[in-house]
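The next block is input-v6.txt, given as compact mmCIF, C-alpha atoms and all ligand atoms.
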```
# COMPACT_ATOMS: atom_id res chain seq x y z
CA MET K 157 47.60 99.22 69.32
CA ASN K 158 50.02 96.54 70.44
CA GLU K 159 50.78 95.71 74.04
CA ALA K 160 54.09 97.57 74.13
CA ASP K 161 52.50 100.73 72.76
CA ARG K 162 49.70 100.49 75.25
CA ILE K 163 52.05 100.07 78.22
CA PHE K 164 54.24 102.89 76.99
CA ASP K 165 51.30 105.28 76.66
CA GLU K 166 49.88 104.26 79.97
CA LEU K 167 53.14 104.97 81.76
CA GLU K 168 53.34 108.31 80.06
CA THR K 169 49.82 109.18 81.14
CA THR K 170 50.59 108.30 84.75
CA LEU K 171 53.76 110.36 84.68
CA SER K 172 51.99 113.34 83.23
CA HIS K 173 49.28 113.02 85.86
CA TRP K 174 52.09 113.49 88.32
CA GLY K 175 53.26 116.48 86.34
CA LEU K 176 56.51 114.76 85.40
CA ARG K 177 58.14 114.55 81.99
CA GLU K 178 60.17 111.48 82.90
CA ILE K 179 61.61 109.61 85.83
CA PRO K 180 64.31 111.97 86.92
CA PHE K 181 66.64 109.68 88.82
CA SER K 182 69.89 108.25 87.56
CA GLU K 183 72.24 105.61 88.82
CA SER K 184 75.52 107.23 88.07
CA ALA K 185 76.54 110.84 87.73
CA SER K 186 78.19 110.03 84.41
CA PHE K 187 74.76 109.40 82.85
CA LEU K 188 73.68 112.96 83.51
CA ARG K 189 74.31 115.80 81.15
CA ARG K 190 76.09 118.72 82.66
CA SER K 191 73.03 120.94 82.72
CA GLN K 192 71.05 118.19 84.44
CA LEU K 193 73.72 117.68 87.05
CA GLY K 194 73.82 121.40 87.71
CA GLU K 195 70.08 121.34 88.28
CA VAL K 196 69.98 118.43 90.71
CA PHE K 197 73.30 118.79 92.50
CA THR K 198 72.58 119.38 96.17
CA GLY K 199 74.62 120.07 99.28
CA ARG K 200 78.37 119.48 99.66
CA THR K 201 78.78 123.18 100.34
CA GLN K 202 81.69 122.80 102.68
CA GLU K 203 83.48 120.32 100.44
CA LEU K 204 83.05 122.58 97.42
CA GLN K 205 84.39 125.44 99.47
CA GLU K 206 87.48 123.46 100.40
CA VAL K 207 88.28 122.40 96.88
CA LEU K 208 87.41 125.65 95.14
CA THR K 209 89.52 127.59 97.61
CA LEU K 210 92.54 125.66 96.37
CA PHE K 211 91.72 126.73 92.84
CA LYS K 212 91.93 130.34 93.91
CA GLY K 213 95.61 129.79 94.59
CA ARG K 214 98.35 129.45 92.05
CA GLU K 215 100.12 126.53 93.50
CA ARG K 216 99.34 123.27 91.77
CA LYS K 217 97.47 120.74 93.93
CA ARG K 218 96.61 117.09 94.01
CA ILE K 219 93.22 116.27 95.40
CA LEU K 220 91.83 112.91 96.43
CA VAL K 221 88.07 112.56 96.78
CA TYR K 222 87.07 109.41 98.55
CA GLY K 223 83.99 107.71 99.94
CA TRP K 224 81.58 104.83 99.49
CA VAL K 225 80.27 103.65 96.19
CA GLY K 226 77.37 105.93 95.26
CA ILE K 227 78.19 108.63 97.79
CA GLY K 228 78.64 111.17 94.99
CA LYS K 229 82.34 111.30 94.10
CA THR K 230 81.77 111.46 90.36
CA ALA K 231 78.98 114.01 90.75
CA PHE K 232 81.21 116.12 92.97
CA ILE K 233 84.15 116.04 90.60
CA LEU K 234 81.97 116.84 87.60
CA GLN K 235 80.45 119.74 89.48
CA VAL K 236 83.89 121.13 90.30
CA LEU K 237 85.07 120.72 86.71
CA SER K 238 81.94 122.35 85.41
CA VAL K 239 82.45 125.49 87.45
CA LEU K 240 86.11 125.63 86.48
CA GLN K 241 85.23 125.31 82.86
CA ARG K 242 82.70 128.08 83.02
CA LYS K 243 84.50 130.46 85.31
CA ALA K 244 88.21 129.83 85.68
CA LYS K 245 90.10 131.72 83.04
CA ASP K 246 93.08 130.08 81.37
CA THR K 247 92.21 126.74 82.85
CA LEU K 248 91.85 123.57 80.87
CA ALA K 249 89.89 121.00 82.88
CA THR K 250 89.40 117.48 81.65
CA TYR K 251 87.86 114.28 82.93
CA ILE K 252 88.39 110.60 82.32
CA SER K 253 87.03 107.47 83.87
CA LEU K 254 90.04 105.18 84.31
CA PRO K 255 89.89 102.61 81.50
CA PRO K 256 90.46 98.97 82.51
CA GLU K 257 94.05 97.82 82.68
CA THR K 258 95.37 101.28 82.08
CA ASP K 259 97.97 103.13 84.11
CA LEU K 260 97.37 106.65 85.33
CA ALA K 261 99.80 108.27 82.90
CA THR K 262 98.04 106.73 79.92
CA ALA K 263 94.67 107.78 81.30
CA ALA K 264 95.94 111.32 81.84
CA LEU K 265 97.39 111.37 78.35
CA ILE K 266 94.05 110.35 76.83
CA ALA K 267 92.13 112.87 78.91
CA LEU K 268 94.44 115.71 77.98
CA ALA K 269 94.66 114.80 74.30
CA ARG K 270 90.87 114.69 74.09
CA ALA K 271 90.69 118.14 75.57
CA MET K 272 93.02 119.48 72.86
CA PRO K 273 91.09 118.75 69.67
CA ASP K 274 92.96 121.43 67.73
CA ASP K 275 96.35 120.04 68.56
CA GLU K 276 97.50 117.69 65.84
CA TRP K 277 100.14 116.06 67.96
CA ALA K 278 97.56 115.34 70.65
CA GLN K 279 95.24 113.78 68.10
CA HIS K 280 98.11 111.74 66.75
CA GLN K 281 98.70 110.34 70.22
CA LEU K 282 95.08 109.24 70.40
CA ASN K 283 95.45 107.60 67.01
CA LEU K 284 98.47 105.65 68.19
CA MET K 285 96.46 104.32 71.10
CA GLY K 286 93.75 103.14 68.78
CA LEU K 287 91.32 105.79 69.97
CA ARG K 288 89.16 107.94 67.80
CA PRO K 289 90.60 111.44 67.75
CA ARG K 290 88.24 114.21 68.68
CA LYS K 291 86.92 116.36 65.91
CA PRO K 292 87.62 120.00 66.62
CA PRO K 293 84.45 121.56 68.02
CA VAL K 294 82.44 123.50 65.48
CA GLN K 295 81.95 126.47 67.69
CA LYS K 296 85.18 127.94 69.01
CA THR K 297 85.17 129.69 72.32
CA GLY K 298 87.33 132.60 73.31
CA LYS K 299 90.99 132.31 74.06
CA GLY K 300 91.88 130.76 77.35
CA ARG K 301 88.58 129.05 77.89
CA ALA K 302 88.37 125.33 77.93
CA SER K 303 86.32 124.67 74.85
CA ILE K 304 85.92 120.99 75.33
CA GLY K 305 86.89 118.29 77.74
CA VAL K 306 84.26 118.99 80.30
CA GLY K 307 81.22 119.79 78.20
CA GLU K 308 80.18 116.34 77.15
CA PHE K 309 82.23 113.64 78.75
CA ASN K 310 83.39 110.72 76.80
CA TYR K 311 82.96 107.31 78.27
CA GLU K 312 83.71 105.05 75.38
CA GLU K 313 87.25 104.39 76.56
CA THR K 314 86.00 102.40 79.51
CA THR K 315 85.03 99.62 77.15
CA THR K 316 87.61 99.99 74.39
CA PRO K 317 90.94 98.33 75.02
CA VAL K 318 93.68 100.88 74.66
CA THR K 319 97.01 100.26 72.98
CA GLN K 320 99.34 101.48 75.68
CA PRO K 321 101.94 103.97 74.56
CA ARG K 322 105.52 102.88 75.19
CA PHE K 323 106.39 105.76 77.44
CA PRO K 324 103.11 107.15 78.68
CA THR K 325 104.65 109.40 81.30
CA LEU K 326 106.99 111.00 78.77
CA SER K 327 104.24 111.40 76.19
CA PHE K 328 102.05 112.94 78.82
CA GLU K 329 104.74 115.37 79.85
CA ASP K 330 105.30 116.44 76.28
CA LEU K 331 101.64 117.04 75.79
CA LEU K 332 101.37 118.87 79.08
CA GLU K 333 104.14 121.18 77.98
CA ARG K 334 102.22 121.98 74.83
CA ALA K 335 99.04 122.55 76.80
CA LEU K 336 100.76 124.84 79.27
CA LYS K 337 101.73 127.15 76.41
CA LYS K 338 98.06 127.90 75.91
CA TYR K 339 96.66 127.56 79.38
CA SER K 340 98.13 128.54 82.69
CA ARG K 341 96.47 125.68 84.51
CA ILE K 342 95.68 122.13 83.52
CA VAL K 343 93.34 120.09 85.67
CA ILE K 344 93.05 116.37 85.10
CA ALA K 345 90.37 114.37 86.87
CA ILE K 346 90.84 110.63 86.81
CA ASP K 347 87.74 108.98 88.15
CA ASP K 348 86.78 105.48 89.17
CA LEU K 349 89.97 104.46 90.92
CA ASP K 350 87.49 103.48 93.61
CA LYS K 351 86.33 100.68 91.33
CA GLN K 352 89.76 99.04 91.37
CA ASP K 353 90.88 96.87 94.20
CA PRO K 354 92.97 98.63 96.85
CA ALA K 355 96.21 96.81 96.06
CA ARG K 356 95.95 97.83 92.44
CA VAL K 357 95.23 101.43 93.35
CA ARG K 358 98.35 101.51 95.47
CA GLU K 359 100.42 100.15 92.61
CA LEU K 360 98.90 102.65 90.18
CA LEU K 361 99.69 105.52 92.50
CA ARG K 362 103.23 104.32 93.18
CA ASN K 363 103.93 104.13 89.47
CA ALA K 364 102.45 107.53 88.84
CA GLN K 365 104.30 109.44 91.55
CA GLY K 366 106.48 111.24 89.03
CA MET K 367 103.56 112.38 86.95
CA LEU K 368 101.47 113.34 89.95
CA LYS K 369 104.26 115.56 91.20
CA GLY K 370 104.66 117.20 87.79
CA GLY K 371 103.04 120.28 86.31
CA ALA K 372 99.31 119.44 86.24
CA TRP K 373 96.60 119.56 88.86
CA PHE K 374 95.02 116.22 89.59
CA MET K 375 91.76 115.11 91.09
CA LEU K 376 91.41 111.41 91.77
CA THR K 377 88.73 109.30 93.39
CA GLY K 378 89.51 106.64 95.94
CA HIS K 379 88.30 104.03 98.34
CA PRO K 380 86.96 104.68 101.78
CA SER K 381 89.06 101.79 103.03
CA GLY K 382 92.13 101.49 105.17
CA LEU K 383 94.15 101.88 102.02
CA THR K 384 93.24 105.52 101.75
CA ARG K 385 94.48 106.13 105.26
CA ASP K 386 97.65 104.25 104.36
CA ILE K 387 98.31 106.36 101.33
CA LEU K 388 97.67 109.47 103.31
CA THR K 389 99.97 108.64 106.15
CA ARG K 390 102.68 106.55 104.61
CA ASP K 391 103.01 107.95 101.12
CA LEU K 392 102.71 111.40 102.52
CA GLY K 393 103.07 114.20 100.07
CA LEU K 394 101.13 112.52 97.32
CA PHE K 395 97.96 114.49 98.02
CA ASP K 396 97.51 118.04 99.23
CA LEU K 397 93.89 117.47 100.11
CA ALA K 398 92.05 114.25 100.84
CA LEU K 399 88.37 114.93 100.99
CA GLU K 400 86.02 112.35 102.36
CA LEU K 401 82.45 112.55 101.11
CA LYS K 402 80.13 111.40 103.87
CA PRO K 403 76.44 110.54 103.76
CA LEU K 404 74.20 113.60 103.47
CA ASP K 405 72.00 114.59 106.39
CA GLN K 406 68.24 114.09 106.12
CA PRO K 407 67.24 117.69 105.32
CA THR K 408 69.82 117.77 102.50
CA THR K 409 68.64 114.41 101.18
CA TYR K 410 65.09 115.75 101.20
CA ARG K 411 66.17 118.83 99.26
CA MET K 412 67.96 116.57 96.83
CA LEU K 413 64.73 114.64 96.24
CA VAL K 414 62.93 117.94 95.65
CA ASN K 415 65.57 118.98 93.12
CA TYR K 416 65.38 115.71 91.21
CA LEU K 417 61.60 115.83 90.99
CA ASN K 418 61.68 119.45 89.92
CA SER K 419 64.15 118.70 87.18
CA ALA K 420 61.43 116.66 85.49
CA ARG K 421 58.40 118.86 86.23
CA LEU K 422 56.28 119.74 83.27
CA GLN K 423 55.13 122.93 84.87
CA HIS K 424 56.42 125.46 87.34
CA ALA K 425 58.99 124.13 89.73
CA ARG K 426 58.25 123.97 93.42
CA ARG K 427 61.53 124.27 95.18
CA ASP K 428 60.48 125.13 98.70
CA PRO K 429 60.97 121.99 100.79
CA ASP K 430 58.21 123.19 103.14
CA ASP K 431 55.74 123.09 100.29
CA PRO K 432 54.08 119.63 100.39
CA LEU K 433 53.72 119.71 96.61
CA ALA K 434 57.50 120.02 96.19
CA VAL K 435 57.74 116.25 96.54
CA HIS K 436 54.61 115.32 94.59
CA PRO K 437 53.71 112.49 93.74
CA PHE K 438 55.32 111.59 97.06
CA THR K 439 53.65 112.90 100.15
CA PRO K 440 55.89 114.65 102.66
CA GLU K 441 55.62 111.52 104.76
CA THR K 442 56.67 109.03 102.07
CA ALA K 443 59.32 111.46 100.84
CA ARG K 444 60.80 111.47 104.31
CA LEU K 445 60.61 107.67 104.54
CA LEU K 446 62.39 107.36 101.22
CA CYS K 447 65.13 109.74 102.37
CA GLU K 448 65.56 107.86 105.64
CA ARG K 449 65.79 104.61 103.79
CA SER K 450 68.48 106.03 101.52
CA ASP K 451 70.77 106.66 104.46
CA GLY K 452 72.04 109.87 102.93
CA VAL K 453 73.68 108.02 100.03
CA PRO K 454 72.66 109.78 96.80
CA ARG K 455 72.88 106.62 94.72
CA TYR K 456 70.50 104.76 97.04
CA LEU K 457 68.04 107.63 96.83
CA ASN K 458 68.28 107.57 93.04
CA ARG K 459 67.80 103.86 92.68
CA LEU K 460 65.06 103.54 95.27
CA GLY K 461 63.30 106.64 93.94
CA SER K 462 63.39 105.26 90.45
CA TYR K 463 62.03 101.83 91.41
CA VAL K 464 59.31 103.34 93.57
CA LEU K 465 58.14 105.63 90.76
CA LEU K 466 58.21 102.77 88.25
CA LYS K 467 56.20 100.55 90.53
CA ALA K 468 53.75 103.35 91.30
CA ALA K 469 53.37 104.06 87.59
CA THR K 470 52.52 100.45 86.79
CA LEU K 471 50.00 100.50 89.63
CA ARG K 472 48.65 103.78 88.24
CA ALA K 473 48.86 105.25 91.70
CA GLU K 474 47.86 108.87 92.06
CA LEU K 475 49.97 109.42 95.10
CA ILE K 476 52.78 107.49 96.66
CA THR K 477 51.22 106.39 99.88
CA PRO K 478 53.13 104.40 102.51
CA ASP K 479 51.68 101.23 101.01
CA ILE K 480 52.82 102.06 97.48
CA LEU K 481 56.21 102.97 98.88
CA GLU K 482 56.55 99.55 100.52
CA GLN K 483 55.63 97.89 97.24
CA GLY K 484 58.26 100.01 95.52
CA PHE K 485 60.89 98.89 98.03
CA LYS K 486 59.92 95.28 97.41
CA TYR K 487 60.17 95.83 93.69
CA ALA K 488 63.65 97.34 94.13
CA ASP K 489 64.70 94.32 96.15
CA GLN K 490 63.43 91.91 93.49
CA GLN K 491 65.04 93.82 90.66
CA LEU K 492 68.37 94.07 92.39
CA ARG K 493 68.55 90.43 93.29
CA GLY K 494 67.47 89.48 89.81
CA GLN K 495 70.30 91.41 88.16
CA THR K 496 72.00 89.60 85.37
CA GLY K 497 75.52 88.47 85.92
CA LEU K 498 74.98 87.10 89.40
CA THR K 499 76.55 83.66 89.61
CA PRO K 500 75.46 81.01 92.11
CA GLU K 501 78.57 81.86 94.17
CA ASP K 502 77.59 85.52 94.22
CA GLN K 503 74.08 84.56 95.34
CA TYR K 504 75.50 82.35 98.03
CA VAL K 505 77.74 85.12 99.37
CA LEU K 506 74.84 87.56 99.30
CA ASP K 507 72.71 85.13 101.29
CA LEU K 508 75.53 84.70 103.78
CA VAL K 509 75.67 88.44 104.38
CA LEU K 510 71.89 88.67 104.65
CA GLU K 511 71.86 85.85 107.14
CA LYS K 512 74.68 87.20 109.30
CA GLY K 513 73.95 90.89 109.01
CA ILE K 514 77.65 91.64 108.79
CA LEU K 515 80.15 89.45 107.01
CA SER K 516 83.81 89.82 107.87
CA ASP K 517 86.88 87.78 108.60
CA GLU K 518 85.44 87.38 112.08
CA THR K 519 81.91 86.29 111.25
CA VAL K 520 82.71 83.97 108.37
CA THR K 521 83.10 80.29 109.27
CA LEU K 522 85.36 77.67 107.76
CA ALA K 523 82.27 75.83 106.55
CA ASP K 524 81.07 78.96 104.75
CA LEU K 525 84.42 79.32 103.06
CA GLU K 526 84.59 75.66 102.15
CA ARG K 527 81.32 75.86 100.30
CA LEU K 528 82.91 78.57 98.20
CA LYS K 529 86.05 76.52 97.75
CA ALA K 530 88.03 79.18 99.56
CA LYS K 531 90.49 78.86 102.41
CA GLU K 532 90.61 82.44 103.51
CA PHE K 533 88.21 85.33 103.74
CA SER K 534 90.41 87.40 101.44
CA GLU K 535 89.67 84.99 98.61
CA ILE K 536 86.01 85.97 98.55
CA LEU K 537 86.73 89.71 98.58
CA PRO K 538 86.36 89.96 94.78
CA ILE K 539 82.83 88.57 95.05
CA LEU K 540 82.01 90.93 97.89
CA ASP K 541 83.35 93.88 95.93
CA LYS K 542 81.31 92.88 92.91
CA LEU K 543 78.19 92.84 95.10
CA VAL K 544 79.15 96.30 96.35
CA GLN K 545 79.33 97.62 92.79
CA LEU K 546 75.88 96.16 92.17
CA ASP K 547 74.48 98.06 95.18
CA LEU K 548 73.60 94.83 96.96
CA LEU K 549 76.22 95.22 99.67
CA ARG K 550 78.25 97.99 101.14
CA ARG K 551 81.56 97.98 102.84
CA LEU K 552 81.22 99.37 106.33
CA PRO K 553 83.51 102.23 107.22
CA SER K 554 85.36 100.32 109.90
CA GLU K 555 88.98 100.43 110.94
CA ARG K 556 89.43 96.78 110.16
CA ALA K 557 89.70 95.52 106.62
CA GLY K 558 86.52 94.14 105.10
CA GLU K 559 83.18 94.29 106.87
CA TYR K 560 80.22 93.96 104.57
CA ALA K 561 76.52 94.58 105.17
CA PRO K 562 73.45 94.71 102.94
CA THR K 563 72.48 98.06 101.43
CA PRO K 564 69.05 99.55 102.13
CA LEU K 565 68.07 98.48 98.62
CA VAL K 566 67.88 94.89 99.77
CA LEU K 567 65.19 93.85 102.15
CA VAL K 568 66.39 91.84 105.10
CA GLY K 569 63.78 89.64 106.67
CA LYS K 570 60.53 91.44 107.35
CA PRO K 571 60.71 95.06 106.25
CA ALA K 572 59.55 96.22 109.67
CA GLU K 573 62.59 94.69 111.34
CA HIS K 574 64.83 96.41 108.92
CA LYS K 575 65.48 99.56 110.89
CA ARG K 576 68.99 100.89 110.59
CA GLU K 577 70.99 102.61 113.30
N1 LIG Z 1 75.37 116.09 95.71
C1 LIG Z 1 74.55 115.43 94.86
N2 LIG Z 1 73.40 116.00 94.46
C2 LIG Z 1 72.57 115.34 93.62
N3 LIG Z 1 72.79 114.12 93.13
C3 LIG Z 1 73.92 113.51 93.51
C4 LIG Z 1 74.86 114.13 94.39
N4 LIG Z 1 75.88 113.26 94.58
C5 LIG Z 1 75.59 112.18 93.84
N5 LIG Z 1 74.43 112.31 93.19
C6 LIG Z 1 73.80 111.31 92.32
O1 LIG Z 1 73.86 110.04 92.97
C7 LIG Z 1 74.24 109.02 92.07
C8 LIG Z 1 75.56 108.39 92.50
O2 LIG Z 1 76.57 109.37 92.51
P1 LIG Z 1 78.04 109.14 91.89
O3 LIG Z 1 78.70 110.48 91.84
O4 LIG Z 1 77.94 108.39 90.62
O5 LIG Z 1 78.69 108.24 93.04
P2 LIG Z 1 80.17 107.64 93.18
O6 LIG Z 1 80.98 108.22 92.06
O7 LIG Z 1 80.65 108.07 94.54
O8 LIG Z 1 80.01 106.16 93.10
C9 LIG Z 1 74.32 109.70 90.71
O9 LIG Z 1 73.08 109.55 90.05
C10 LIG Z 1 74.58 111.15 91.04
O10 LIG Z 1 74.13 112.00 90.03
MG MG Z 2 81.93 107.34 90.53
```
Do you think you could lay out the structure here as structure tokens?
Amino acid sequence: MNEADRIFDELETTLSHWGLREIPFSESASFLRRSQLGEVFTGRTQELQEVLTLFKGRERKRILVYGWVGIGKTAFILQVLSVLQRKAKDTLATYISLPPETDLATAALIALARAMPDDEWAQHQLNLMGLRPRKPPVQKTGKGRASIGVGEFNYEETTTPVTQPRFPTLSFEDLLERALKKYSRIVIAIDDLDKQDPARVRELLRNAQGMLKGGAWFMLTGHPSGLTRDILTRDLGLFDLALELKPLDQPTTYRMLVNYLNSARLQHARRDPDDPLAVHPFTPETARLLCERSDGVPRYLNRLGSYVLLKAATLRAELITPDILEQGFKYADQQLRGQTGLTPEDQYVLDLVLEKGILSDETVTLADLERLKAKEFSEILPILDKLVQLDLLRRLPSERAGEYAPTPLVLVGKPAEHKRE
């Protein structure tokens, strides 16, 4: 047996000792299949209530979901779309992650066309944009039910450059008209606006006002920054509901951990959070420590959980003791800092933040900026935002523009000193 085979088998043995089929965590909601998401989705009861109540009405709505990177915007939107697809009659619900350098009308056009595989004109539109048309699904569902569009999401467009249509808004409106002949409600979710910089988001929204006020429902994701507040107050009327997703409380985070672990259990699930075995191979103590460390941010829980399990598996640990957990945290820190694509400038900015605790216009010095060949703090924002996307930093929810701090995935100084608020 070669080395790779041996390691592979060994990891599998450790996992099965824990009663797990696989490591259940995932970085982004878009990696999960719908059934998996349904199984692990936890909490957000009040937010679901707010959004789903709107869908009980007839009046068309525009909904903005906003919050930190990794807080669960994509998961939330997918969960809403999934229930609509299964239960809302005469509703066509479709999802797209905003492709790079694409306006909202084009994105909406792609999303809608993909959800109408039987419509030749829709498929022709996709063709014109250089996108592969969807094959009609083999199994047809009953009239008025969204047969596709939510089931398996399509992410290829995020990497394929799209040939922009000449009049995307008009093309979209034509297609919408066709869709509204078959369905009484069209819901279009355009995700990942939060990955664009705030100025660009504003421009995108400005240009899409006409479409947004047209005949479809929209769900968009946004930044937790001052920009969102701006849009909400100044460009009033653009959104009917702006929903901020906040960090989950500890009991909910703990339940989320239980759900993830159960989704990979080989044998009977143990869903009662009071049952110590519900978090096995974690102990209730290390499970709680992991949840605390995650700060109620689902993505942090997923990434830390995954690194801890990987580390524990290579150590062939039977249980995740506090010591194993610490080693897992260290491993996460190493892996995150060793990510590919980090330039020396990125590293330097990361070190600055680690050194200062919080980096902002106020804490940065001229000397710091000079070393980065920048004159103003705003010039290093793209680097900071890149580090946010990589889970190394997070933008603090402050009134002022950019304040950046390390995420709990990065160890600052001695782990023991790294206690958060
Ligand atoms: N309520 C939730 N229950 C379970 N897992 C969640 C929940 N919210 C988010 N997640 C998971 O956390 C990770 C990050 O969530 P995601 O929706 O991708 O964040 P965002 O879109 O805000 O950046 C994903 O793996 C996702 O499946
Ligand atoms: Mg997202």
Residues contacting ligand MG 2 (chain Z) - anything with an atom at most 6 Å away, using all atoms listed in the file - can you give me those as an mmCIF file with C-alpha atoms, in the frame of the given file?
```
data_model
loop_
_atom_site.group_PDB
_atom_site.id
_atom_site.type_symbol
_atom_site.label_atom_id
_atom_site.label_comp_id
_atom_site.auth_asym_id
_atom_site.auth_seq_id
_atom_site.Cartn_x
_atom_site.Cartn_y
_atom_site.Cartn_z
ATOM 1 C CA LYS K 229 82.340 111.300 94.100
ATOM 2 C CA THR K 230 81.770 111.460 90.360
ATOM 3 C CA ASP K 348 86.780 105.480 89.170
#
```
Spatial neighbours of segment 435-439 of chain K, 7 Å, all atoms listed in the file, chain gap at least 4 places, as a PDB file with C-alpha atoms, keeping the file's coordinate frame:
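Contents of out01.pdb, freshly written:
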```
ATOM      1  CA  TRP K 174      52.090 113.490  88.320  1.00  0.00           C
ATOM      2  CA  VAL K 414      62.930 117.940  95.650  1.00  0.00           C
ATOM      3  CA  LEU K 417      61.600 115.830  90.990  1.00  0.00           C
ATOM      4  CA  ALA K 443      59.320 111.460 100.840  1.00  0.00           C
ATOM      5  CA  LEU K 475      49.970 109.420  95.100  1.00  0.00           C
ATOM      6  CA  ILE K 476      52.780 107.490  96.660  1.00  0.00           C
ATOM      7  CA  THR K 477      51.220 106.390  99.880  1.00  0.00           C
TER       8      THR K 477
END
```
Just need the box for segment 235-244 of chain K, edges along x, y and z, holding every atom the file lists for it with 4 Å tacked onto each side, so centre and edge lengths in Å to one decimal, as lines of an AutoDock Vina configuration file.
```
center_x = 84.3
center_y = 125.1
center_z = 86.6
size_x = 15.8
size_y = 18.7
size_z = 15.4
```
*Once you count all atoms listed in the file, which residues end up within 9 Å of ligand LIG 1 (chain Z), and could you hand them over as an MDAnalysis selection string?*
chainID K and resid 181:188 192:200 221:235 347:348 350:351 377 401 404 408:409 412:413 415:416 453:459 545
Would you save the residues from that selection as a compact mmCIF listing (two decimals), keeping the file's coordinate frame, using C-alpha atoms?
```txt
# COMPACT_ATOMS: atom_id res chain seq x y z
CA PHE K 181 66.64 109.68 88.82
CA SER K 182 69.89 108.25 87.56
CA GLU K 183 72.24 105.61 88.82
CA SER K 184 75.52 107.23 88.07
CA ALA K 185 76.54 110.84 87.73
CA SER K 186 78.19 110.03 84.41
CA PHE K 187 74.76 109.40 82.85
CA LEU K 188 73.68 112.96 83.51
CA GLN K 192 71.05 118.19 84.44
CA LEU K 193 73.72 117.68 87.05
CA GLY K 194 73.82 121.40 87.71
CA GLU K 195 70.08 121.34 88.28
CA VAL K 196 69.98 118.43 90.71
CA PHE K 197 73.30 118.79 92.50
CA THR K 198 72.58 119.38 96.17
CA GLY K 199 74.62 120.07 99.28
CA ARG K 200 78.37 119.48 99.66
CA VAL K 221 88.07 112.56 96.78
CA TYR K 222 87.07 109.41 98.55
CA GLY K 223 83.99 107.71 99.94
CA TRP K 224 81.58 104.83 99.49
CA VAL K 225 80.27 103.65 96.19
CA GLY K 226 77.37 105.93 95.26
CA ILE K 227 78.19 108.63 97.79
CA GLY K 228 78.64 111.17 94.99
CA LYS K 229 82.34 111.30 94.10
CA THR K 230 81.77 111.46 90.36
CA ALA K 231 78.98 114.01 90.75
CA PHE K 232 81.21 116.12 92.97
CA ILE K 233 84.15 116.04 90.60
CA LEU K 234 81.97 116.84 87.60
CA GLN K 235 80.45 119.74 89.48
CA ASP K 347 87.74 108.98 88.15
CA ASP K 348 86.78 105.48 89.17
CA ASP K 350 87.49 103.48 93.61
CA LYS K 351 86.33 100.68 91.33
CA THR K 377 88.73 109.30 93.39
CA LEU K 401 82.45 112.55 101.11
CA LEU K 404 74.20 113.60 103.47
CA THR K 408 69.82 117.77 102.50
CA THR K 409 68.64 114.41 101.18
CA MET K 412 67.96 116.57 96.83
CA LEU K 413 64.73 114.64 96.24
CA ASN K 415 65.57 118.98 93.12
CA TYR K 416 65.38 115.71 91.21
CA VAL K 453 73.68 108.02 100.03
CA PRO K 454 72.66 109.78 96.80
CA ARG K 455 72.88 106.62 94.72
CA TYR K 456 70.50 104.76 97.04
CA LEU K 457 68.04 107.63 96.83
CA ASN K 458 68.28 107.57 93.04
CA ARG K 459 67.80 103.86 92.68
CA GLN K 545 79.33 97.62 92.79
```
_Separation of atom CA of Phe485 of chain K from atom CA of Val464 of chain K, in Å and rounded to one decimal_ = 6.5 Å
Missing atoms of segment 424-433 of chain K rebuilt to N, CA and C atoms, written as a PDB file, keeping the file's coordinate frame:
```
ATOM      1  N   HIS K 424      55.617 124.703  86.380  1.00  0.00           N
ATOM      2  CA  HIS K 424      56.420 125.460  87.340  1.00  0.00           C
ATOM      3  C   HIS K 424      57.017 124.602  88.470  1.00  0.00           C
ATOM      4  N   ALA K 425      58.282 124.844  88.686  1.00  0.00           N
ATOM      5  CA  ALA K 425      58.990 124.130  89.730  1.00  0.00           C
ATOM      6  C   ALA K 425      58.501 124.561  91.111  1.00  0.00           C
ATOM      7  N   ARG K 426      58.581 123.640  92.030  1.00  0.00           N
ATOM      8  CA  ARG K 426      58.250 123.970  93.420  1.00  0.00           C
ATOM      9  C   ARG K 426      59.442 123.584  94.264  1.00  0.00           C
ATOM     10  N   ARG K 427      60.241 124.561  94.575  1.00  0.00           N
ATOM     11  CA  ARG K 427      61.530 124.270  95.180  1.00  0.00           C
ATOM     12  C   ARG K 427      61.563 124.408  96.696  1.00  0.00           C
ATOM     13  N   ASP K 428      60.471 124.919  97.257  1.00  0.00           N
ATOM     14  CA  ASP K 428      60.480 125.130  98.700  1.00  0.00           C
ATOM     15  C   ASP K 428      60.193 123.812  99.417  1.00  0.00           C
ATOM     16  N   PRO K 429      61.161 123.298 100.158  1.00  0.00           N
ATOM     17  CA  PRO K 429      60.970 121.990 100.790  1.00  0.00           C
ATOM     18  C   PRO K 429      59.794 121.975 101.772  1.00  0.00           C
ATOM     19  N   ASP K 430      59.362 123.167 102.220  1.00  0.00           N
ATOM     20  CA  ASP K 430      58.210 123.190 103.140  1.00  0.00           C
ATOM     21  C   ASP K 430      56.887 123.076 102.403  1.00  0.00           C
ATOM     22  N   ASP K 431      56.938 123.235 101.105  1.00  0.00           N
ATOM     23  CA  ASP K 431      55.740 123.090 100.290  1.00  0.00           C
ATOM     24  C   ASP K 431      55.484 121.598 100.066  1.00  0.00           C
ATOM     25  N   PRO K 432      54.328 121.078 100.538  1.00  0.00           N
ATOM     26  CA  PRO K 432      54.080 119.630 100.390  1.00  0.00           C
ATOM     27  C   PRO K 432      54.111 119.190  98.930  1.00  0.00           C
ATOM     28  N   LEU K 433      53.754 120.086  98.021  1.00  0.00           N
ATOM     29  CA  LEU K 433      53.720 119.710  96.610  1.00  0.00           C
ATOM     30  C   LEU K 433      55.116 119.626  95.981  1.00  0.00           C
TER      31      LEU K 433
END
```
